[in-house]
Amino acid sequence: MGSELKYFTVLAIAVAALLHSTAAVEKHVVGDEFGWIVPPGGHYAYEVWASGHKFSVGDILEFNFTTGEHDVAKVTKEAFDSCNSTSPIELKTTGPANFTLDTIGEYYFIGTMDKHCELGQKLAINVTSTTSAPAPAPGPATRKGPVTYIVGEQLGWFVPGEISYSAWAYGKTFMVGDTLVFNFLNETQDVAIVTKAVFDNCTTNSTLAVYKYSPVHIILNTTGEHYFTSTYDRHCANGQKLAINVTGKSTGTPSPCPSPSSSITPSTTPAPSKAPSAHSPVASGPYTSAAPSTINGSGYYLTILLVGLAFFH
């Protein structure tokens, strides 16, 4: 009886350890719903995707691609940097392709077809720890004061390609009092504040406000979802659109909440001396947040993938 009890005790411990290990292992679908492709945003696309993940020993990378159109090779850092596919560590030509992360350290993957690697089909990740139980969810973000975000960073506000600005917004925390700055070339772009319906359908003949002179500063004065696009022909349809969710207030003293007429900080560059026209902000109504709804966070992951913000990177 004692030996049987000992046997079942050991068995229970082994099963518990196995279940714990299995539950903690994570499968990372590279590029999320967009998979493993040649991204319009260049190599920066997969860099942004990887920055949103923590990779542990035992995790699995899944590369989803169309067999015959793409492949994936595990390579050295030198081969990754030079896009040299002549001697890969491992090559898989059938999608989906899985790689198990079995050691701590850096992993490098590229597409070997044509110039796929040179065009951005490459991924570098760093496995930093052994697999463990999921960490507790972080508490609400705290700040000392408002933050100014440059939309698109150094590339600014332009026509980047599908879902690029959702990739830019991914991982950022927007709060009341924060400022969005849109930099663009005058008379080639503008910034329109719109409702969710207009944002989704790109029916830019109906806007809340339009601002035509760069740089445009928009202070986020309410919680909830905010939608921005351009009224220029097909700019919205081709990816010049941004949706963000303002979740709360920073812990510091926020900037004074502006009235609708002052939600745009005047440009520091003098406007042309001629009568207000194409360069002057044209508002079709007060700036208010769109009706509350849920922005899909999973879409932001690649949202992470096709980062057109790096189109010229």
# chains A, B, ... in the order shown; residues from 1 in each chain; ligands from 1
$ residues_around --residues "His116 (chain A)" --least-positions-apart "3" --cutoff "10 Å" --atoms "only C-alpha atoms" --output "count of residues only"
15
$ residues_around --residues "Cys202 (chain A)" --least-positions-apart "3" --cutoff "8 Å" --atoms "only C-alpha atoms" --output "number ranges by chain"
A: 198-199, 236-237
$ write_last_selection --atoms "N, CA and C atoms" --output "compact mmCIF listing (two decimals), in the first residue's frame"
# COMPACT_ATOMS: atom_id res chain seq x y z
N VAL A 198 -17.43 56.86 -40.26
CA VAL A 198 -16.68 57.48 -41.36
C VAL A 198 -15.29 56.84 -41.47
N PHE A 199 -14.66 56.60 -40.33
CA PHE A 199 -13.34 55.97 -40.30
C PHE A 199 -13.39 54.59 -40.96
N CYS A 236 -7.50 57.77 -47.28
CA CYS A 236 -8.04 56.94 -46.22
C CYS A 236 -8.03 55.47 -46.63
N ALA A 237 -8.54 55.18 -47.82
CA ALA A 237 -8.61 53.80 -48.30
C ALA A 237 -7.24 53.15 -48.40
$ select_by_dssp --residues "region 19-186 of chain A" --states "helix (DSSP H, G or I)" --output "ChimeraX atom specification"
/A:19-24,32-34,44-51,77-82,153-155,164-169
$ residues_around --residues "region 203-206 of chain A" --least-positions-apart "3" --cutoff "12 Å" --atoms "only C-alpha atoms" --output "number ranges by chain"
A: 190-200, 209-210, 227-237, 240-241, 283-285
$ write_last_selection --atoms "N, CA, C and O atoms" --output "mmCIF file, in the first residue's frame"
data_model
loop_
_atom_site.group_PDB
_atom_site.id
_atom_site.type_symbol
_atom_site.label_atom_id
_atom_site.label_comp_id
_atom_site.auth_asym_id
_atom_site.auth_seq_id
_atom_site.Cartn_x
_atom_site.Cartn_y
_atom_site.Cartn_z
ATOM 1 N N ASP A 190 -3.921 66.336 -45.307
ATOM 2 C CA ASP A 190 -4.599 67.089 -44.255
ATOM 3 C C ASP A 190 -4.960 66.112 -43.150
ATOM 4 O O ASP A 190 -4.693 64.909 -43.253
ATOM 5 N N VAL A 191 -5.528 66.615 -42.077
ATOM 6 C CA VAL A 191 -5.959 65.776 -40.956
ATOM 7 C C VAL A 191 -7.438 66.016 -40.719
ATOM 8 O O VAL A 191 -7.856 67.161 -40.505
ATOM 9 N N ALA A 192 -8.217 64.958 -40.768
ATOM 10 C CA ALA A 192 -9.656 65.057 -40.531
ATOM 11 C C ALA A 192 -10.015 64.266 -39.282
ATOM 12 O O ALA A 192 -9.570 63.134 -39.111
ATOM 13 N N ILE A 193 -10.780 64.883 -38.403
ATOM 14 C CA ILE A 193 -11.337 64.194 -37.241
ATOM 15 C C ILE A 193 -12.707 63.673 -37.648
ATOM 16 O O ILE A 193 -13.547 64.430 -38.153
ATOM 17 N N VAL A 194 -12.940 62.382 -37.444
ATOM 18 C CA VAL A 194 -14.159 61.759 -37.959
ATOM 19 C C VAL A 194 -14.771 60.827 -36.918
ATOM 20 O O VAL A 194 -14.164 60.518 -35.890
ATOM 21 N N THR A 195 -15.971 60.364 -37.229
ATOM 22 C CA THR A 195 -16.627 59.360 -36.399
ATOM 23 C C THR A 195 -16.119 57.972 -36.775
ATOM 24 O O THR A 195 -15.432 57.789 -37.788
ATOM 25 N N LYS A 196 -16.474 56.985 -35.962
ATOM 26 C CA LYS A 196 -16.056 55.608 -36.249
ATOM 27 C C LYS A 196 -16.629 55.128 -37.579
ATOM 28 O O LYS A 196 -15.949 54.439 -38.361
ATOM 29 N N ALA A 197 -17.887 55.476 -37.858
ATOM 30 C CA ALA A 197 -18.511 55.035 -39.105
ATOM 31 C C ALA A 197 -17.778 55.591 -40.319
ATOM 32 O O ALA A 197 -17.517 54.880 -41.294
ATOM 33 N N VAL A 198 -17.429 56.859 -40.257
ATOM 34 C CA VAL A 198 -16.677 57.476 -41.359
ATOM 35 C C VAL A 198 -15.293 56.839 -41.468
ATOM 36 O O VAL A 198 -14.798 56.552 -42.552
ATOM 37 N N PHE A 199 -14.663 56.599 -40.332
ATOM 38 C CA PHE A 199 -13.345 55.967 -40.300
ATOM 39 C C PHE A 199 -13.389 54.593 -40.959
ATOM 40 O O PHE A 199 -12.542 54.249 -41.784
ATOM 41 N N ASP A 200 -14.380 53.802 -40.597
ATOM 42 C CA ASP A 200 -14.484 52.438 -41.137
ATOM 43 C C ASP A 200 -14.758 52.430 -42.635
ATOM 44 O O ASP A 200 -14.222 51.603 -43.374
ATOM 45 N N ALA A 209 -14.033 67.764 -38.155
ATOM 46 C CA ALA A 209 -13.130 68.897 -38.344
ATOM 47 C C ALA A 209 -12.034 68.494 -39.314
ATOM 48 O O ALA A 209 -11.684 67.323 -39.401
ATOM 49 N N VAL A 210 -11.516 69.481 -40.051
ATOM 50 C CA VAL A 210 -10.435 69.239 -40.996
ATOM 51 C C VAL A 210 -9.363 70.305 -40.776
ATOM 52 O O VAL A 210 -9.671 71.492 -40.673
ATOM 53 N N TYR A 227 -10.770 59.133 -33.806
ATOM 54 C CA TYR A 227 -10.515 58.665 -35.174
ATOM 55 C C TYR A 227 -10.041 59.813 -36.057
ATOM 56 O O TYR A 227 -10.632 60.898 -36.059
ATOM 57 N N PHE A 228 -8.984 59.524 -36.821
ATOM 58 C CA PHE A 228 -8.377 60.540 -37.693
ATOM 59 C C PHE A 228 -8.106 59.929 -39.070
ATOM 60 O O PHE A 228 -7.747 58.758 -39.188
ATOM 61 N N THR A 229 -8.250 60.746 -40.100
ATOM 62 C CA THR A 229 -7.926 60.301 -41.448
ATOM 63 C C THR A 229 -7.610 61.534 -42.291
ATOM 64 O O THR A 229 -7.331 62.613 -41.756
ATOM 65 N N SER A 230 -7.627 61.374 -43.615
ATOM 66 C CA SER A 230 -7.383 62.481 -44.540
ATOM 67 C C SER A 230 -8.533 62.555 -45.530
ATOM 68 O O SER A 230 -9.118 61.531 -45.899
ATOM 69 N N THR A 231 -8.839 63.771 -45.973
ATOM 70 C CA THR A 231 -9.926 63.934 -46.946
ATOM 71 C C THR A 231 -9.437 63.855 -48.390
ATOM 72 O O THR A 231 -10.236 63.884 -49.309
ATOM 73 N N TYR A 232 -8.129 63.764 -48.591
ATOM 74 C CA TYR A 232 -7.618 63.669 -49.960
ATOM 75 C C TYR A 232 -8.036 62.345 -50.599
ATOM 76 O O TYR A 232 -8.196 61.333 -49.911
ATOM 77 N N ASP A 233 -8.194 62.357 -51.908
ATOM 78 C CA ASP A 233 -8.728 61.222 -52.645
ATOM 79 C C ASP A 233 -7.966 59.931 -52.362
ATOM 80 O O ASP A 233 -6.758 59.866 -52.567
ATOM 81 N N ARG A 234 -8.680 58.935 -51.860
ATOM 82 C CA ARG A 234 -8.198 57.578 -51.602
ATOM 83 C C ARG A 234 -7.106 57.491 -50.537
ATOM 84 O O ARG A 234 -6.554 56.418 -50.300
ATOM 85 N N HIS A 235 -6.782 58.588 -49.881
ATOM 86 C CA HIS A 235 -5.780 58.516 -48.825
ATOM 87 C C HIS A 235 -6.249 57.620 -47.680
ATOM 88 O O HIS A 235 -5.478 56.811 -47.153
ATOM 89 N N CYS A 236 -7.495 57.773 -47.284
ATOM 90 C CA CYS A 236 -8.038 56.937 -46.221
ATOM 91 C C CYS A 236 -8.032 55.468 -46.632
ATOM 92 O O CYS A 236 -7.564 54.600 -45.900
ATOM 93 N N ALA A 237 -8.535 55.181 -47.822
ATOM 94 C CA ALA A 237 -8.611 53.800 -48.300
ATOM 95 C C ALA A 237 -7.237 53.150 -48.403
ATOM 96 O O ALA A 237 -7.100 51.930 -48.277
ATOM 97 N N GLN A 240 -4.132 55.952 -44.726
ATOM 98 C CA GLN A 240 -3.871 57.168 -43.949
ATOM 99 C C GLN A 240 -5.023 57.375 -42.976
ATOM 100 O O GLN A 240 -5.879 58.243 -43.144
ATOM 101 N N LYS A 241 -4.996 56.587 -41.916
ATOM 102 C CA LYS A 241 -6.061 56.633 -40.920
ATOM 103 C C LYS A 241 -5.506 56.125 -39.591
ATOM 104 O O LYS A 241 -4.683 55.220 -39.547
ATOM 105 N N ALA A 283 -13.244 73.696 -39.695
ATOM 106 C CA ALA A 283 -13.999 72.817 -38.817
ATOM 107 C C ALA A 283 -15.451 72.749 -39.247
ATOM 108 O O ALA A 283 -16.076 73.753 -39.497
ATOM 109 N N SER A 284 -15.966 71.519 -39.335
ATOM 110 C CA SER A 284 -17.367 71.343 -39.679
ATOM 111 C C SER A 284 -18.211 71.094 -38.449
ATOM 112 O O SER A 284 -19.381 70.796 -38.539
ATOM 113 N N GLY A 285 -17.596 71.180 -37.285
ATOM 114 C CA GLY A 285 -18.327 70.976 -36.048
ATOM 115 C C GLY A 285 -17.339 70.826 -34.916
ATOM 116 O O GLY A 285 -16.147 70.697 -35.139
#
$ atom_distance --atom1 "CA of Ser85 (chain A)" --atom2 "CA of Glu106 (chain A)"
17.7 Å
$ residues_around --residues "Leu123 (chain A)" --least-positions-apart "2" --cutoff "7 Å" --atoms "only C-alpha atoms" --output "ChimeraX atom specification"
/A:46-47,108-110,121,125
$ write_last_selection --atoms "N, CA, C and O atoms" --output "PDB file, in the first residue's frame"
ATOM      1  N   TYR A  46       8.289  43.649 -38.939  1.00  0.00           N
ATOM      2  CA  TYR A  46       8.431  42.517 -38.020  1.00  0.00           C
ATOM      3  C   TYR A  46       9.187  42.901 -36.749  1.00  0.00           C
ATOM      4  O   TYR A  46       9.036  42.250 -35.716  1.00  0.00           O
ATOM      5  N   GLU A  47      10.000  43.948 -36.804  1.00  0.00           N
ATOM      6  CA  GLU A  47      10.633  44.445 -35.577  1.00  0.00           C
ATOM      7  C   GLU A  47       9.561  44.914 -34.596  1.00  0.00           C
ATOM      8  O   GLU A  47       9.628  44.642 -33.397  1.00  0.00           O
ATOM      9  N   TYR A 108      17.196  34.194 -35.662  1.00  0.00           N
ATOM     10  CA  TYR A 108      17.079  34.993 -36.875  1.00  0.00           C
ATOM     11  C   TYR A 108      16.396  34.176 -37.976  1.00  0.00           C
ATOM     12  O   TYR A 108      16.761  33.024 -38.216  1.00  0.00           O
ATOM     13  N   PHE A 109      15.412  34.799 -38.619  1.00  0.00           N
ATOM     14  CA  PHE A 109      14.652  34.137 -39.682  1.00  0.00           C
ATOM     15  C   PHE A 109      14.527  35.076 -40.877  1.00  0.00           C
ATOM     16  O   PHE A 109      14.348  36.288 -40.717  1.00  0.00           O
ATOM     17  N   ILE A 110      14.594  34.496 -42.073  1.00  0.00           N
ATOM     18  CA  ILE A 110      14.420  35.282 -43.296  1.00  0.00           C
ATOM     19  C   ILE A 110      13.621  34.480 -44.311  1.00  0.00           C
ATOM     20  O   ILE A 110      13.502  33.257 -44.216  1.00  0.00           O
ATOM     21  N   GLN A 121      11.184  40.794 -45.355  1.00  0.00           N
ATOM     22  CA  GLN A 121      10.688  39.519 -44.811  1.00  0.00           C
ATOM     23  C   GLN A 121      11.796  38.887 -43.972  1.00  0.00           C
ATOM     24  O   GLN A 121      12.453  37.932 -44.372  1.00  0.00           O
ATOM     25  N   ILE A 125      14.460  37.780 -33.063  1.00  0.00           N
ATOM     26  CA  ILE A 125      13.861  37.782 -31.732  1.00  0.00           C
ATOM     27  C   ILE A 125      14.914  37.412 -30.705  1.00  0.00           C
ATOM     28  O   ILE A 125      15.967  36.863 -31.038  1.00  0.00           O
TER      29      ILE A 125
END
$ closest_residue --among "A:Thr94, A:Asn126, A:Thr103, A:Asn64" --to "Ser51 (chain A)" --atoms "only C-alpha atoms"
A:Asn126
$ residues_around --residues "Asn245 (chain A)" --least-positions-apart "3" --cutoff "9 Å" --atoms "only C-alpha atoms" --output "list of chain:residue names"
A:Thr173, A:Phe174, A:Met175, A:Thr223, A:Gly224, A:Glu225, A:His226, A:Tyr227, A:Thr294, A:Ile295
$ select_by_dssp --residues "region 113-216 of chain A" --states "strand (DSSP E)" --output "list in words"
Lys122, Leu123, Ala124, Ile125, Asn126, Val127, Thr128, Ser129, Thr130, Thr148, Tyr149, Ile150, Phe174, Met175, Val176, Thr179, Leu180, Val181, Phe182, Val191, Ala192, Ile193, Val194, Ala209, Val210, Tyr211 and Val216 of chain A
$ atom_distance --atom1 "CA of Trp157 (chain A)" --atom2 "CA of Leu185 (chain A)"
8.6 Å
$ atom_distance --atom1 "CA of Ile244 (chain A)" --atom2 "CA of His53 (chain A)"
20.4 Å
